[in-house]
Amino acid sequence: PLRRIAGARRPAPSHLYEFRWPSGVPGLGACHALELGFVFDTLGLPESSWLAGPDAPQALADEMHGAWVRYATTGDPGWAPWDGNGPPKFFDGPEPEAVRAEAVTPLVLP
């Protein structure tokens, strides 16, 4: 559904991504809200580790946080706006083959 919404907004740009890194907490996978510790670069806080587990990759937090800061300051997170084709940007960390679930989150310009 989010891909259809993003497509319906054209020509206004929408930047889509999928957060696909699976949590280190057994059974959670890439659950809803897991990406927040990465977006805000707060993996060291207990609230983030409750979802991410003890060994969340800081490099993935650096990548996501950098994209959100770029988007907030320039309107460009670092990848092309959704054009209706191909996959959105993937944030999946060092082991994408371990993906068990997905959370799709749009970045939409006003």
# chains A, B, ... in the order shown; residues from 1 in each chain; ligands from 1

call {"tool": "closest_atom_pairs", "arguments": {"of": "region 10-40 of chain A", "to": "region 72-82 of chain A", "cutoff": "12 Å", "atoms": "only C-alpha atoms", "output": "Markdown table"}}
result
| residue | atom | partner | partner_atom | distance |
| --- | --- | --- | --- | --- |
| A:Arg10 | CA | A:Trp82 | CA | 8.8 |
| A:Pro11 | CA | A:Pro81 | CA | 10.0 |
| A:Ala12 | CA | A:Pro81 | CA | 9.1 |
| A:Pro13 | CA | A:Pro81 | CA | 5.4 |
| A:Ser14 | CA | A:Pro81 | CA | 5.3 |
| A:His15 | CA | A:Pro81 | CA | 4.6 |
| A:Leu16 | CA | A:Trp82 | CA | 6.3 |
| A:Tyr17 | CA | A:Trp82 | CA | 9.4 |
| A:Val39 | CA | A:Ala72 | CA | 11.9 |

call {"tool": "select_by_dssp", "arguments": {"residues": "chain A", "states": "helix (DSSP H, G or I)", "output": "NGL selection string"}}
result
:A and (2-8 or 36-39 or 46-52 or 58-74 or 96-98)

call {"tool": "select_by_dssp", "arguments": {"residues": "chain A", "states": "strand (DSSP E or B)", "output": "JSON, numbers by chain"}}
result
{"A": [14, 15, 16, 17, 18, 19, 89, 90, 91, 103, 104, 105, 106, 107, 108]}

call {"tool": "write_last_selection", "arguments": {"atoms": "all heavy atoms", "output": "compact mmCIF listing (two decimals), in the first residue's frame"}}
result
# COMPACT_ATOMS: atom_id res chain seq x y z
N SER A 14 8.74 11.15 -3.09
CA SER A 14 8.65 10.34 -1.87
C SER A 14 9.87 9.44 -1.85
O SER A 14 10.21 8.82 -2.85
CB SER A 14 7.40 9.47 -1.87
OG SER A 14 6.23 10.24 -1.90
N HIS A 15 10.52 9.37 -0.72
CA HIS A 15 11.70 8.51 -0.55
C HIS A 15 11.31 7.35 0.35
O HIS A 15 11.04 7.55 1.52
CB HIS A 15 12.86 9.30 0.06
CG HIS A 15 13.38 10.37 -0.82
ND1 HIS A 15 12.80 11.61 -0.90
CD2 HIS A 15 14.42 10.39 -1.66
CE1 HIS A 15 13.47 12.34 -1.75
NE2 HIS A 15 14.46 11.62 -2.23
N LEU A 16 11.28 6.15 -0.22
CA LEU A 16 10.87 4.97 0.55
C LEU A 16 12.08 4.16 0.97
O LEU A 16 13.08 4.12 0.27
CB LEU A 16 9.97 4.07 -0.29
CG LEU A 16 8.69 4.67 -0.84
CD1 LEU A 16 7.90 3.59 -1.58
CD2 LEU A 16 7.86 5.29 0.24
N TYR A 17 11.94 3.52 2.13
CA TYR A 17 12.95 2.54 2.54
C TYR A 17 12.27 1.40 3.24
O TYR A 17 11.14 1.51 3.71
CB TYR A 17 14.03 3.17 3.42
CG TYR A 17 13.64 3.51 4.84
CD1 TYR A 17 13.65 2.53 5.84
CD2 TYR A 17 13.29 4.79 5.20
CE1 TYR A 17 13.32 2.83 7.14
CE2 TYR A 17 12.97 5.11 6.50
CZ TYR A 17 12.98 4.12 7.47
OH TYR A 17 12.65 4.43 8.76
N GLU A 18 12.97 0.28 3.30
CA GLU A 18 12.55 -0.88 4.07
C GLU A 18 13.64 -1.18 5.09
O GLU A 18 14.80 -1.31 4.73
CB GLU A 18 12.34 -2.11 3.18
CG GLU A 18 11.17 -1.98 2.24
CD GLU A 18 10.95 -3.23 1.40
OE1 GLU A 18 11.47 -4.31 1.77
OE2 GLU A 18 10.26 -3.12 0.39
N PHE A 19 13.23 -1.27 6.35
CA PHE A 19 14.17 -1.66 7.40
C PHE A 19 14.06 -3.17 7.55
O PHE A 19 13.01 -3.69 7.92
CB PHE A 19 13.83 -0.95 8.71
CG PHE A 19 14.83 -1.24 9.78
CD1 PHE A 19 16.03 -0.56 9.82
CD2 PHE A 19 14.60 -2.20 10.74
CE1 PHE A 19 16.99 -0.83 10.78
CE2 PHE A 19 15.53 -2.48 11.72
CZ PHE A 19 16.73 -1.79 11.74
N LYS A 89 14.94 1.80 -0.94
CA LYS A 89 16.23 1.68 -0.27
C LYS A 89 16.09 0.63 0.84
O LYS A 89 15.12 0.63 1.58
CB LYS A 89 16.63 3.03 0.32
CG LYS A 89 17.74 3.02 1.33
CD LYS A 89 19.07 2.78 0.72
CE LYS A 89 20.16 2.97 1.78
NZ LYS A 89 21.27 2.11 1.56
N PHE A 90 17.06 -0.28 0.95
CA PHE A 90 17.07 -1.28 2.00
C PHE A 90 18.06 -0.90 3.08
O PHE A 90 19.20 -0.53 2.79
CB PHE A 90 17.45 -2.66 1.47
CG PHE A 90 16.46 -3.27 0.52
CD1 PHE A 90 16.90 -3.93 -0.60
CD2 PHE A 90 15.11 -3.17 0.75
CE1 PHE A 90 16.00 -4.50 -1.49
CE2 PHE A 90 14.19 -3.73 -0.12
CZ PHE A 90 14.64 -4.40 -1.25
N PHE A 91 17.64 -0.99 4.32
CA PHE A 91 18.53 -0.91 5.48
C PHE A 91 18.47 -2.29 6.12
O PHE A 91 17.49 -2.63 6.77
CB PHE A 91 18.07 0.16 6.47
CG PHE A 91 18.31 1.56 6.01
CD1 PHE A 91 17.29 2.32 5.49
CD2 PHE A 91 19.58 2.12 6.10
CE1 PHE A 91 17.51 3.61 5.06
CE2 PHE A 91 19.81 3.42 5.68
CZ PHE A 91 18.77 4.17 5.16
N ALA A 103 9.66 -4.05 7.88
CA ALA A 103 8.88 -2.86 8.24
C ALA A 103 9.14 -1.86 7.13
O ALA A 103 10.27 -1.54 6.84
CB ALA A 103 9.30 -2.31 9.58
N VAL A 104 8.10 -1.38 6.46
CA VAL A 104 8.24 -0.41 5.39
C VAL A 104 7.81 0.93 5.92
O VAL A 104 6.72 1.08 6.47
CB VAL A 104 7.38 -0.78 4.17
CG1 VAL A 104 7.51 0.26 3.08
CG2 VAL A 104 7.77 -2.15 3.66
N THR A 105 8.68 1.93 5.79
CA THR A 105 8.40 3.25 6.31
C THR A 105 8.67 4.28 5.22
O THR A 105 9.75 4.27 4.64
CB THR A 105 9.30 3.55 7.52
OG1 THR A 105 9.16 2.50 8.46
CG2 THR A 105 8.94 4.88 8.17
N PRO A 106 7.70 5.15 4.92
CA PRO A 106 7.96 6.16 3.90
C PRO A 106 8.59 7.41 4.48
O PRO A 106 8.34 7.77 5.62
CB PRO A 106 6.56 6.48 3.38
CG PRO A 106 5.69 6.31 4.59
CD PRO A 106 6.33 5.15 5.36
N LEU A 107 9.44 8.02 3.69
CA LEU A 107 9.89 9.39 3.96
C LEU A 107 9.21 10.21 2.88
O LEU A 107 9.47 10.01 1.70
CB LEU A 107 11.40 9.51 3.81
CG LEU A 107 12.26 9.03 4.95
CD1 LEU A 107 13.73 9.12 4.55
CD2 LEU A 107 12.02 9.84 6.18
N VAL A 108 8.33 11.11 3.25
CA VAL A 108 7.54 11.85 2.29
C VAL A 108 7.82 13.33 2.44
O VAL A 108 7.69 13.87 3.54
CB VAL A 108 6.02 11.56 2.48
CG1 VAL A 108 5.21 12.32 1.47
CG2 VAL A 108 5.76 10.07 2.39

call {"tool": "closest_residue", "arguments": {"among": "A:Pro54, A:Arg70, A:Arg9, A:Gly93", "to": "Glu35 (chain A)", "atoms": "only C-alpha atoms"}}
result
A:Gly93

call {"tool": "residues_around", "arguments": {"residues": "Pro57 (chain A)", "least_positions_apart": "3", "cutoff": "10 Å", "atoms": "only C-alpha atoms", "output": "PyMOL selection string"}}
result
chain A and resi 21+38+43+52+54+60-62+93-94

call {"tool": "closest_residue", "arguments": {"among": "A:Arg20, A:Arg3, A:His65, A:His32", "to": "Asp83 (chain A)", "atoms": "only C-alpha atoms"}}
result
A:Arg3

call {"tool": "atom_distance", "arguments": {"atom1": "CA of Ser48 (chain A)", "atom2": "CA of Asp92 (chain A)"}}
result
16.8 Å

call {"tool": "closest_residue", "arguments": {"among": "A:Ser23, A:Gly37, A:Trp68, A:Cys31", "to": "Gly53 (chain A)", "atoms": "only C-alpha atoms"}}
result
A:Ser23
